[in-house]
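Raw contents of start05.cif, mmCIF, C-alpha atoms:
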```
data_structure
loop_
_atom_site.label_atom_id
_atom_site.label_comp_id
_atom_site.auth_asym_id
_atom_site.auth_seq_id
_atom_site.Cartn_x
_atom_site.Cartn_y
_atom_site.Cartn_z
CA MET A 1 32.20 -2.89 -6.66
CA LEU A 2 31.97 -2.89 -10.44
CA LEU A 3 29.66 -5.89 -10.36
CA ASN A 4 27.51 -4.23 -7.70
CA ASN A 5 27.26 -1.05 -9.77
CA PHE A 6 26.33 -3.08 -12.83
CA ILE A 7 23.55 -4.88 -10.93
CA ILE A 8 22.24 -1.57 -9.59
CA LEU A 9 22.29 -0.04 -13.08
CA VAL A 10 20.28 -2.96 -14.46
CA PHE A 11 17.84 -2.64 -11.55
CA VAL A 12 17.36 1.09 -12.13
CA ASN A 13 16.77 0.57 -15.84
CA CYS A 14 14.23 -2.18 -15.18
CA VAL A 15 12.33 -0.08 -12.64
CA LEU A 16 12.18 2.87 -15.00
CA ALA A 17 11.18 0.70 -17.95
CA ILE A 18 8.32 -0.76 -15.94
CA ALA A 19 7.24 2.58 -14.57
CA LEU A 20 7.11 4.63 -17.73
CA PRO A 21 4.40 3.34 -20.09
CA ARG A 22 2.35 6.50 -20.26
CA ASP A 23 -1.31 5.91 -21.01
CA LYS A 24 -1.89 3.84 -17.89
CA THR A 25 -5.34 2.73 -18.99
CA GLN A 26 -4.29 1.16 -22.28
CA LEU A 27 -4.31 -2.60 -22.85
CA SER A 28 -0.66 -3.09 -23.70
CA ASP A 29 2.74 -1.58 -23.08
CA GLU A 30 3.15 -1.80 -26.85
CA ASP A 31 2.22 1.22 -28.96
CA HIS A 32 -0.77 0.50 -31.22
CA TYR A 33 0.81 2.55 -33.99
CA GLU A 34 4.52 3.18 -34.42
CA GLY A 35 5.38 6.04 -36.72
CA GLY A 36 1.98 5.71 -38.37
CA THR A 37 2.42 1.96 -38.93
CA HIS A 38 0.06 -0.50 -37.27
CA ASN A 39 1.76 -2.61 -34.61
CA PRO A 40 0.06 -6.05 -34.38
CA ASP A 41 1.78 -6.84 -31.08
CA TYR A 42 -0.63 -4.42 -29.38
CA ASP A 43 -3.60 -6.44 -30.64
CA HIS A 44 -2.04 -9.73 -29.58
CA GLU A 45 -1.46 -8.45 -26.06
CA ALA A 46 -4.92 -6.92 -25.79
CA PHE A 47 -6.66 -10.03 -27.10
CA LEU A 48 -4.71 -12.63 -25.11
CA GLY A 49 -3.72 -10.65 -22.05
CA PRO A 50 -0.22 -9.65 -20.96
CA ASP A 51 0.39 -13.00 -19.26
CA ARG A 52 -0.03 -15.46 -22.13
CA ALA A 53 2.74 -15.66 -24.71
CA VAL A 54 6.25 -16.84 -25.15
CA GLU A 55 5.75 -20.42 -26.38
CA PHE A 56 2.97 -19.68 -28.86
CA ASP A 57 5.44 -18.79 -31.57
CA LYS A 58 6.88 -22.31 -31.40
CA MET A 59 3.60 -23.99 -32.37
CA GLU A 60 2.66 -25.36 -35.74
CA LEU A 61 0.00 -23.36 -37.55
CA ASN A 62 -2.63 -26.10 -37.17
CA GLU A 63 -2.20 -26.10 -33.40
CA LYS A 64 -2.43 -22.31 -33.27
CA LEU A 65 -5.68 -22.41 -35.21
CA ARG A 66 -7.11 -25.21 -33.07
CA ARG A 67 -6.51 -23.29 -29.86
CA LEU A 68 -7.74 -20.02 -31.33
CA GLY A 69 -10.95 -21.85 -32.27
CA ILE A 70 -11.39 -22.87 -28.64
CA ILE A 71 -10.94 -19.26 -27.54
CA PHE A 72 -13.58 -18.21 -30.08
CA GLY A 73 -16.04 -20.56 -28.38
CA ARG A 74 -15.33 -18.98 -25.03
CA ILE A 75 -15.86 -15.48 -26.36
CA ASP A 76 -19.14 -16.46 -28.02
CA GLY A 77 -21.12 -16.27 -24.81
CA ASP A 78 -24.59 -16.78 -26.31
CA VAL A 79 -23.36 -19.67 -28.52
CA SER A 80 -24.77 -17.95 -31.59
CA GLY A 81 -21.82 -18.80 -33.79
CA PHE A 82 -20.99 -15.10 -34.02
CA VAL A 83 -18.88 -12.85 -31.81
CA SER A 84 -20.25 -9.37 -31.24
CA GLU A 85 -18.41 -6.22 -30.23
CA ASP A 86 -19.88 -6.50 -26.73
CA GLU A 87 -18.62 -10.07 -26.38
CA LEU A 88 -15.16 -9.01 -27.52
CA VAL A 89 -15.14 -6.20 -24.95
CA VAL A 90 -16.06 -8.65 -22.19
CA TRP A 91 -13.26 -11.00 -23.29
CA ILE A 92 -10.61 -8.28 -23.55
CA LYS A 93 -11.47 -6.98 -20.08
CA TYR A 94 -11.43 -10.53 -18.75
CA THR A 95 -7.91 -11.15 -20.07
CA GLN A 96 -6.67 -7.89 -18.57
CA ASN A 97 -8.27 -8.58 -15.18
CA ARG A 98 -6.89 -12.12 -15.19
CA TYR A 99 -3.39 -10.79 -15.78
CA ILE A 100 -3.71 -8.23 -12.99
CA ASP A 101 -5.03 -10.80 -10.50
CA GLU A 102 -2.34 -13.35 -11.36
CA ASP A 103 0.41 -10.74 -11.29
CA THR A 104 -0.82 -9.54 -7.90
CA ASN A 105 -0.81 -13.11 -6.54
CA ARG A 106 2.64 -13.72 -7.97
CA GLN A 107 4.17 -10.62 -6.41
CA TRP A 108 2.23 -10.93 -3.17
CA GLY A 109 3.75 -14.36 -2.54
CA SER A 110 7.27 -12.94 -2.62
CA GLN A 111 6.43 -9.88 -0.51
CA ASP A 112 4.26 -11.23 2.32
CA ILE A 113 7.16 -13.06 3.92
CA ASP A 114 5.52 -13.70 7.30
CA GLU A 115 2.21 -14.66 5.62
CA ASN A 116 0.14 -12.47 7.91
CA GLY A 117 -1.98 -11.10 5.07
CA LYS A 118 -0.38 -7.67 5.17
CA ILE A 119 2.82 -6.04 3.96
CA SER A 120 4.36 -3.14 5.84
CA TRP A 121 6.23 -0.37 4.07
CA SER A 122 9.46 -1.47 5.77
CA GLU A 123 8.95 -5.06 4.51
CA TYR A 124 8.45 -3.84 0.96
CA LYS A 125 11.32 -1.36 1.13
CA ASN A 126 13.71 -4.00 2.46
CA ALA A 127 12.63 -6.57 -0.15
CA THR A 128 12.89 -4.10 -3.03
CA TYR A 129 15.76 -1.83 -2.05
CA GLY A 130 17.51 -3.84 0.64
CA PHE A 131 20.45 -4.58 -1.64
CA LEU A 132 21.43 -0.88 -1.66
CA THR A 133 24.35 -0.09 0.59
CA PRO A 134 24.80 3.08 2.70
CA GLU A 135 27.37 4.10 0.10
CA ASP A 136 24.73 3.85 -2.62
CA LEU A 137 22.38 6.10 -0.68
CA GLU A 138 24.91 8.54 0.80
CA GLY A 139 27.88 8.23 -1.57
CA GLU A 140 29.74 10.80 -3.61
CA ASP A 141 27.98 10.00 -6.89
CA GLU A 142 25.23 12.58 -6.50
CA GLU A 143 23.36 11.50 -9.63
CA ASP A 144 23.07 7.86 -8.54
CA VAL A 145 22.19 8.79 -4.95
CA PHE A 146 19.49 11.11 -6.29
CA SER A 147 18.09 8.34 -8.52
CA TYR A 148 17.86 5.80 -5.69
CA LYS A 149 16.30 8.24 -3.26
CA ARG A 150 13.92 9.43 -5.98
CA MET A 151 12.70 5.88 -6.63
CA ILE A 152 12.16 5.18 -2.94
CA GLU A 153 10.31 8.47 -2.49
CA ARG A 154 8.20 7.67 -5.55
CA ASP A 155 7.24 4.26 -4.21
CA GLN A 156 6.44 5.60 -0.74
CA LEU A 157 4.06 8.21 -2.15
CA ARG A 158 2.28 5.54 -4.18
CA TRP A 159 2.18 3.30 -1.09
CA GLN A 160 0.43 6.02 0.88
CA HIS A 161 -2.20 6.47 -1.83
CA ALA A 162 -2.86 2.72 -2.01
CA ASP A 163 -3.16 2.42 1.79
CA LEU A 164 -6.89 3.12 1.98
CA ASP A 165 -7.29 2.36 5.70
CA GLU A 166 -4.13 4.36 6.51
CA ASP A 167 -2.62 1.70 8.76
CA SER A 168 0.76 1.86 6.95
CA ASN A 169 0.24 -1.72 5.76
CA LEU A 170 -1.20 -3.02 2.50
CA ASP A 171 -3.50 -6.01 2.28
CA LYS A 172 -3.67 -7.89 -1.02
CA GLU A 173 -6.39 -5.67 -2.50
CA GLU A 174 -4.49 -2.51 -1.60
CA PHE A 175 -1.28 -4.07 -2.93
CA LYS A 176 -3.00 -4.69 -6.27
CA TYR A 177 -3.59 -0.97 -6.62
CA PHE A 178 -0.02 -0.26 -5.56
CA ILE A 179 1.46 -2.33 -8.41
CA HIS A 180 -1.37 -1.53 -10.87
CA PRO A 181 -2.43 2.02 -9.95
CA GLU A 182 -4.24 2.45 -13.26
CA GLU A 183 -6.94 0.10 -11.93
CA GLY A 184 -8.14 2.34 -9.11
CA GLN A 185 -9.93 5.66 -9.35
CA HIS A 186 -8.39 6.61 -6.01
CA MET A 187 -4.96 6.22 -7.62
CA ARG A 188 -5.54 8.68 -10.47
CA GLU A 189 -3.77 11.56 -8.74
CA ILE A 190 -0.64 9.58 -7.92
CA VAL A 191 -0.37 8.33 -11.52
CA ILE A 192 -0.49 11.92 -12.74
CA GLU A 193 1.99 13.04 -10.08
CA GLU A 194 4.38 10.20 -10.94
CA THR A 195 4.29 11.06 -14.62
CA ILE A 196 5.14 14.69 -13.96
CA PHE A 197 7.74 13.54 -11.40
CA ASP A 198 9.39 11.32 -14.05
CA VAL A 199 9.23 13.54 -17.12
CA ASP A 200 9.47 17.10 -15.77
CA LYS A 201 13.24 17.52 -15.59
CA ASN A 202 13.39 21.24 -14.74
CA GLY A 203 10.91 20.99 -11.87
CA ASP A 204 8.42 23.59 -13.08
CA GLY A 205 5.47 21.19 -12.79
CA LEU A 206 4.91 21.22 -16.56
CA ILE A 207 6.04 18.96 -19.39
CA SER A 208 7.63 20.67 -22.37
CA LEU A 209 7.96 19.19 -25.84
CA GLU A 210 11.66 18.59 -25.19
CA GLU A 211 10.92 16.76 -21.93
CA TYR A 212 8.13 14.76 -23.61
CA ILE A 213 10.44 13.59 -26.41
CA GLY A 214 13.39 13.15 -24.05
CA ASP A 215 11.38 10.67 -22.00
CA MET A 216 11.31 8.33 -25.02
CA TYR A 217 14.38 9.23 -27.08
CA ASP A 218 17.86 10.09 -25.79
CA GLY A 219 18.87 12.03 -28.89
CA LYS A 220 21.70 9.66 -29.78
CA GLY A 221 22.15 8.41 -33.32
CA GLU A 222 19.91 9.09 -36.27
CA GLU A 223 16.49 10.25 -35.16
CA PRO A 224 13.84 7.53 -35.69
CA SER A 225 10.82 8.48 -37.80
CA TRP A 226 8.45 7.94 -34.89
CA VAL A 227 9.98 10.88 -33.05
CA MET A 228 8.49 13.26 -35.60
CA THR A 229 5.12 11.55 -35.13
CA GLU A 230 5.38 12.04 -31.36
CA ARG A 231 6.21 15.71 -31.84
CA GLU A 232 3.07 16.07 -33.93
CA GLN A 233 1.07 14.19 -31.28
CA PHE A 234 2.31 16.61 -28.64
CA THR A 235 1.63 19.72 -30.70
CA MET A 236 -1.72 18.68 -32.14
CA PHE A 237 -3.30 16.63 -29.35
CA ARG A 238 -1.39 16.65 -26.03
CA ASP A 239 -0.84 20.40 -25.69
CA LYS A 240 -4.49 21.38 -25.91
CA ASN A 241 -4.07 25.07 -25.05
CA GLN A 242 -1.08 25.38 -27.42
CA ASP A 243 1.20 27.04 -24.88
CA GLY A 244 4.10 24.69 -25.63
CA LYS A 245 3.78 22.67 -22.41
CA MET A 246 1.44 20.12 -20.83
CA ASP A 247 -0.09 21.24 -17.56
CA ARG A 248 -1.57 18.87 -14.96
CA GLU A 249 -4.95 18.62 -16.71
CA GLU A 250 -3.32 17.87 -20.04
CA VAL A 251 -1.10 15.22 -18.43
CA GLU A 252 -4.22 13.61 -16.98
CA ASP A 253 -5.78 13.45 -20.45
CA TRP A 254 -2.58 11.79 -21.64
CA VAL A 255 -2.06 9.12 -18.98
CA MET A 256 -5.55 8.58 -17.53
CA PRO A 257 -8.09 9.65 -20.19
CA ARG A 258 -11.61 9.70 -18.77
CA ASP A 259 -13.56 9.54 -22.01
CA PHE A 260 -11.78 6.69 -23.78
CA ASP A 261 -12.33 2.95 -23.25
CA HIS A 262 -9.42 1.00 -24.67
CA ALA A 263 -11.29 -2.30 -24.58
CA VAL A 264 -14.13 -0.87 -26.68
CA ALA A 265 -11.68 0.74 -29.10
CA GLU A 266 -9.74 -2.51 -29.47
CA ALA A 267 -12.91 -4.55 -30.04
CA LYS A 268 -13.98 -2.14 -32.78
CA HIS A 269 -10.53 -2.32 -34.33
CA LEU A 270 -10.45 -6.14 -34.36
CA ILE A 271 -13.90 -6.32 -35.95
CA TYR A 272 -12.92 -3.74 -38.54
CA GLU A 273 -9.81 -5.74 -39.46
CA ALA A 274 -11.41 -9.21 -39.59
CA ASP A 275 -15.10 -8.69 -40.44
CA ARG A 276 -14.92 -9.81 -44.07
CA ASP A 277 -18.65 -9.52 -44.83
CA GLU A 278 -18.97 -6.27 -42.86
CA ASP A 279 -22.01 -7.39 -40.87
CA GLY A 280 -20.61 -6.14 -37.56
CA PHE A 281 -19.95 -9.64 -36.20
CA LEU A 282 -17.11 -12.13 -36.41
CA THR A 283 -17.56 -15.75 -37.40
CA LYS A 284 -15.13 -18.42 -36.33
CA GLN A 285 -13.83 -18.66 -39.88
CA GLU A 286 -13.22 -14.92 -40.06
CA VAL A 287 -11.20 -15.10 -36.84
CA LEU A 288 -9.20 -18.10 -38.06
CA ASP A 289 -8.60 -16.50 -41.47
CA HIS A 290 -7.17 -13.45 -39.67
CA TYR A 291 -5.38 -15.35 -36.91
CA ASP A 292 -2.29 -13.16 -37.29
CA ILE A 293 -4.31 -10.16 -36.08
CA PHE A 294 -5.47 -11.95 -32.94
CA VAL A 295 -2.42 -13.96 -31.95
CA GLY A 296 0.20 -13.26 -34.59
CA SER A 297 3.41 -15.00 -35.38
CA GLN A 298 5.85 -12.40 -34.00
CA VAL A 299 8.00 -13.20 -31.01
CA THR A 300 6.10 -11.46 -28.20
CA ASP A 301 5.43 -11.96 -24.53
CA TRP A 302 1.75 -12.38 -25.22
CA GLY A 303 0.10 -15.63 -26.28
CA GLU A 304 0.49 -17.96 -23.37
CA ALA A 305 -3.26 -18.53 -23.24
CA LEU A 306 -2.73 -20.82 -26.18
CA VAL A 307 -0.08 -22.92 -24.49
CA ARG A 308 -1.68 -23.62 -21.11
CA HIS A 309 -2.59 -27.28 -21.38
CA ASP A 310 -5.13 -27.07 -18.55
CA GLU A 311 -7.17 -24.67 -20.69
CA PHE A 312 -7.15 -26.80 -23.82
#
```

Translate the structure described by the file into structure tokens.
Amino acid sequence: MLLNNFIILVFVNCVLAIALPRDKTQLSDEDHYEGGTHNPDYDHEAFLGPDRAVEFDKMELNEKLRRLGIIFGRIDGDVSGFVSEDELVVWIKYTQNRYIDEDTNRQWGSQDIDENGKISWSEYKNATYGFLTPEDLEGEDEEDVFSYKRMIERDQLRWQHADLDEDSNLDKEEFKYFIHPEEGQHMREIVIEETIFDVDKNGDGLISLEEYIGDMYDGKGEEPSWVMTEREQFTMFRDKNQDGKMDREEVEDWVMPRDFDHAVAEAKHLIYEADRDEDGFLTKQEVLDHYDIFVGSQVTDWGEALVRHDEF
């Protein structure tokens, strides 16, 4: 029983960790700035895509530079010897779309058990939550029972939004929007609902400053400096009408901003950081000289594009 509870606890934590990155349209689960300090891991993930990483850190510098040079050639679509902002935007969106497509294929293979090209809600529920026992769902531990039922309810609501033809099954395209709801305009409402569902602890349909901070920091130990930054973000930018809470419209601006393109912003940022002669373009040498901005040397989950031998 103890082992089963431990496994369930790990599962719950993993589900919540996956579900809670807030700005669903951004290019990375990393924060671009942490407590006012630039976080290069965001750039690495945005530039390479969230599916290319782990082994890159093990490479010698010369090999890193060689492979980065190859990537530069792929970004330079007009073979001008310069990379423009537009070319960077195309590349960044390509890496994100590649990740989403590959992630969809990866998960689809484990869900479409009978290989009929569709997944029913019962198939998904059994594959994802089938390990839960009746005791887990009807037991005396009200908090755990509530958490499990809450997760299942959450998934079923998202399933219904992704099911465009309303046949209670998802084909692969619909499944993509189920696991990556930020990619579909028809999924905007469920992303907003899920965020309020997750963060609004008192059930008033609004997100207070305390709930906003509590979603990221449990209050234990010495308060990290970034918590103060997040409080300022809430007060100055999130809570637009200054009533002390985020309403539905303000939550939408937080998690699904309509007037902000992360790929464009990231392209501008990369050019700003690496454009030594300030001509608005990047040369291959400028990219190589600033390789740490594009691929970095930190241990991240992003960089695998440089270790796939079939690409190099």

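The smallest atom-to-atom distance between Trp121 in chain A and any of A:Asn169, A:Asn97, A:Gly81, A:Asn105, using only C-alpha atoms, is found for A:Asn169.
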
- Message: Using Å and a single decimal, report how far CA of Thr95 in chain A sits from CA of Gly69 in chain A.
- Response: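 Interatomic distance, CA of Gly69 in chain A to CA of Thr95 in chain A: 16.5 Å.
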
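Taking CA of Glu63 in chain A and CA of Gly280 in chain A as endpoints, the distance between them is 27.5 Å.
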
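Candidate residues A:Met151, A:Leu170, A:Val287, A:Val79 were compared for distance to Lys118 in chain A, and the nearest is A:Leu170, using all atoms listed in the file.
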
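Between Glu286 in chain A and the residues A:Lys268, A:Glu273, A:Met216, A:Glu173, the shortest atom-to-atom distance, using only C-alpha atoms, involves A:Glu273.
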
- Expressed in Å to a single decimal, how great is the separation between CA of Asp86 in chain A and CA of Leu288 in chain A? 19.4 Å

Using all atoms listed in the file, what residues lie at most 12 Å away from (1.8, 19.0, -22.5) (file coordinates), given as a PDB file with C-alpha atoms, in the frame of the given file?
```pdb
ATOM      1  CA  THR A 195       4.290  11.060 -14.620  1.00  0.00           C
ATOM      2  CA  ILE A 196       5.140  14.690 -13.960  1.00  0.00           C
ATOM      3  CA  VAL A 199       9.230  13.540 -17.120  1.00  0.00           C
ATOM      4  CA  ASP A 200       9.470  17.100 -15.770  1.00  0.00           C
ATOM      5  CA  GLY A 205       5.470  21.190 -12.790  1.00  0.00           C
ATOM      6  CA  LEU A 206       4.910  21.220 -16.560  1.00  0.00           C
ATOM      7  CA  ILE A 207       6.040  18.960 -19.390  1.00  0.00           C
ATOM      8  CA  SER A 208       7.630  20.670 -22.370  1.00  0.00           C
ATOM      9  CA  LEU A 209       7.960  19.190 -25.840  1.00  0.00           C
ATOM     10  CA  GLU A 210      11.660  18.590 -25.190  1.00  0.00           C
ATOM     11  CA  GLU A 211      10.920  16.760 -21.930  1.00  0.00           C
ATOM     12  CA  TYR A 212       8.130  14.760 -23.610  1.00  0.00           C
ATOM     13  CA  ILE A 213      10.440  13.590 -26.410  1.00  0.00           C
ATOM     14  CA  GLU A 230       5.380  12.040 -31.360  1.00  0.00           C
ATOM     15  CA  ARG A 231       6.210  15.710 -31.840  1.00  0.00           C
ATOM     16  CA  GLU A 232       3.070  16.070 -33.930  1.00  0.00           C
ATOM     17  CA  GLN A 233       1.070  14.190 -31.280  1.00  0.00           C
ATOM     18  CA  PHE A 234       2.310  16.610 -28.640  1.00  0.00           C
ATOM     19  CA  THR A 235       1.630  19.720 -30.700  1.00  0.00           C
ATOM     20  CA  MET A 236      -1.720  18.680 -32.140  1.00  0.00           C
ATOM     21  CA  PHE A 237      -3.300  16.630 -29.350  1.00  0.00           C
ATOM     22  CA  ARG A 238      -1.390  16.650 -26.030  1.00  0.00           C
ATOM     23  CA  ASP A 239      -0.840  20.400 -25.690  1.00  0.00           C
ATOM     24  CA  LYS A 240      -4.490  21.380 -25.910  1.00  0.00           C
ATOM     25  CA  ASN A 241      -4.070  25.070 -25.050  1.00  0.00           C
ATOM     26  CA  GLN A 242      -1.080  25.380 -27.420  1.00  0.00           C
ATOM     27  CA  ASP A 243       1.200  27.040 -24.880  1.00  0.00           C
ATOM     28  CA  GLY A 244       4.100  24.690 -25.630  1.00  0.00           C
ATOM     29  CA  LYS A 245       3.780  22.670 -22.410  1.00  0.00           C
ATOM     30  CA  MET A 246       1.440  20.120 -20.830  1.00  0.00           C
ATOM     31  CA  ASP A 247      -0.090  21.240 -17.560  1.00  0.00           C
ATOM     32  CA  ARG A 248      -1.570  18.870 -14.960  1.00  0.00           C
ATOM     33  CA  GLU A 249      -4.950  18.620 -16.710  1.00  0.00           C
ATOM     34  CA  GLU A 250      -3.320  17.870 -20.040  1.00  0.00           C
ATOM     35  CA  VAL A 251      -1.100  15.220 -18.430  1.00  0.00           C
ATOM     36  CA  GLU A 252      -4.220  13.610 -16.980  1.00  0.00           C
ATOM     37  CA  ASP A 253      -5.780  13.450 -20.450  1.00  0.00           C
ATOM     38  CA  TRP A 254      -2.580  11.790 -21.640  1.00  0.00           C
ATOM     39  CA  VAL A 255      -2.060   9.120 -18.980  1.00  0.00           C
TER      40      VAL A 255
END
```

- Message: Please return as a PyMOL selection string every residue within 10 Å of (-12.9, -8.2, -35.3), taking into account all atoms listed in the file and the file's own coordinates.
- Response: chain A and resi 83-85+88+266-276+278+280-283+286-287+290+293-294

Dump of C-alpha atoms for the selected residues, as a short mmCIF file (atom, residue, chain, number, x, y, z; two decimals), in the frame of the given file:
```cif
data_model
loop_
_atom_site.label_atom_id
_atom_site.label_comp_id
_atom_site.auth_asym_id
_atom_site.auth_seq_id
_atom_site.Cartn_x
_atom_site.Cartn_y
_atom_site.Cartn_z
CA VAL A 83 -18.88 -12.85 -31.81
CA SER A 84 -20.25 -9.37 -31.24
CA GLU A 85 -18.41 -6.22 -30.23
CA LEU A 88 -15.16 -9.01 -27.52
CA GLU A 266 -9.74 -2.51 -29.47
CA ALA A 267 -12.91 -4.55 -30.04
CA LYS A 268 -13.98 -2.14 -32.78
CA HIS A 269 -10.53 -2.32 -34.33
CA LEU A 270 -10.45 -6.14 -34.36
CA ILE A 271 -13.90 -6.32 -35.95
CA TYR A 272 -12.92 -3.74 -38.54
CA GLU A 273 -9.81 -5.74 -39.46
CA ALA A 274 -11.41 -9.21 -39.59
CA ASP A 275 -15.10 -8.69 -40.44
CA ARG A 276 -14.92 -9.81 -44.07
CA GLU A 278 -18.97 -6.27 -42.86
CA GLY A 280 -20.61 -6.14 -37.56
CA PHE A 281 -19.95 -9.64 -36.20
CA LEU A 282 -17.11 -12.13 -36.41
CA THR A 283 -17.56 -15.75 -37.40
CA GLU A 286 -13.22 -14.92 -40.06
CA VAL A 287 -11.20 -15.10 -36.84
CA HIS A 290 -7.17 -13.45 -39.67
CA ILE A 293 -4.31 -10.16 -36.08
CA PHE A 294 -5.47 -11.95 -32.94
#
```

Residue by residue, what does the PyMOL selection byres ((chain A and resi 119) around 10) grab here? Present the result as an mmCIF file with C-alpha atoms, in the coordinates of the input.
```cif
data_model
loop_
_atom_site.group_PDB
_atom_site.id
_atom_site.type_symbol
_atom_site.label_atom_id
_atom_site.label_comp_id
_atom_site.auth_asym_id
_atom_site.auth_seq_id
_atom_site.Cartn_x
_atom_site.Cartn_y
_atom_site.Cartn_z
ATOM 1 C CA TRP A 108 2.230 -10.930 -3.170
ATOM 2 C CA GLN A 111 6.430 -9.880 -0.510
ATOM 3 C CA ASP A 112 4.260 -11.230 2.320
ATOM 4 C CA ILE A 113 7.160 -13.060 3.920
ATOM 5 C CA ASP A 114 5.520 -13.700 7.300
ATOM 6 C CA GLU A 115 2.210 -14.660 5.620
ATOM 7 C CA ASN A 116 0.140 -12.470 7.910
ATOM 8 C CA GLY A 117 -1.980 -11.100 5.070
ATOM 9 C CA LYS A 118 -0.380 -7.670 5.170
ATOM 10 C CA SER A 120 4.360 -3.140 5.840
ATOM 11 C CA TRP A 121 6.230 -0.370 4.070
ATOM 12 C CA SER A 122 9.460 -1.470 5.770
ATOM 13 C CA GLU A 123 8.950 -5.060 4.510
ATOM 14 C CA TYR A 124 8.450 -3.840 0.960
ATOM 15 C CA SER A 168 0.760 1.860 6.950
ATOM 16 C CA ASN A 169 0.240 -1.720 5.760
ATOM 17 C CA LEU A 170 -1.200 -3.020 2.500
ATOM 18 C CA ASP A 171 -3.500 -6.010 2.280
ATOM 19 C CA LYS A 172 -3.670 -7.890 -1.020
ATOM 20 C CA GLU A 174 -4.490 -2.510 -1.600
ATOM 21 C CA PHE A 175 -1.280 -4.070 -2.930
#
```

- Task: Find, counting all atoms listed in the file, the residue in A:Met187, A:Lys284, A:Glu166, A:Gln160 that gets nearest to Asp76 in chain A.
- Result: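 Among A:Met187, A:Lys284, A:Glu166, A:Gln160, it is A:Lys284 that comes nearest to Asp76 in chain A.
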
- Kindly resolve the PyMOL selection byres ((chain A and resi 103) around 12) on the present coordinates and return the residues as a list in words.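 Going through the file, the PyMOL selection byres ((chain A and resi 103) around 12) ends up selecting Gly49, Pro50, Asp51, Arg52, Gln96, Asn97, Arg98, Tyr99, Ile100, Asp101, Glu102, Thr104, Asn105, Arg106, Gln107, Trp108, Gly109, Ser110, Lys172, Phe175, Lys176, Tyr177, Phe178, Ile179 and His180 of chain A.
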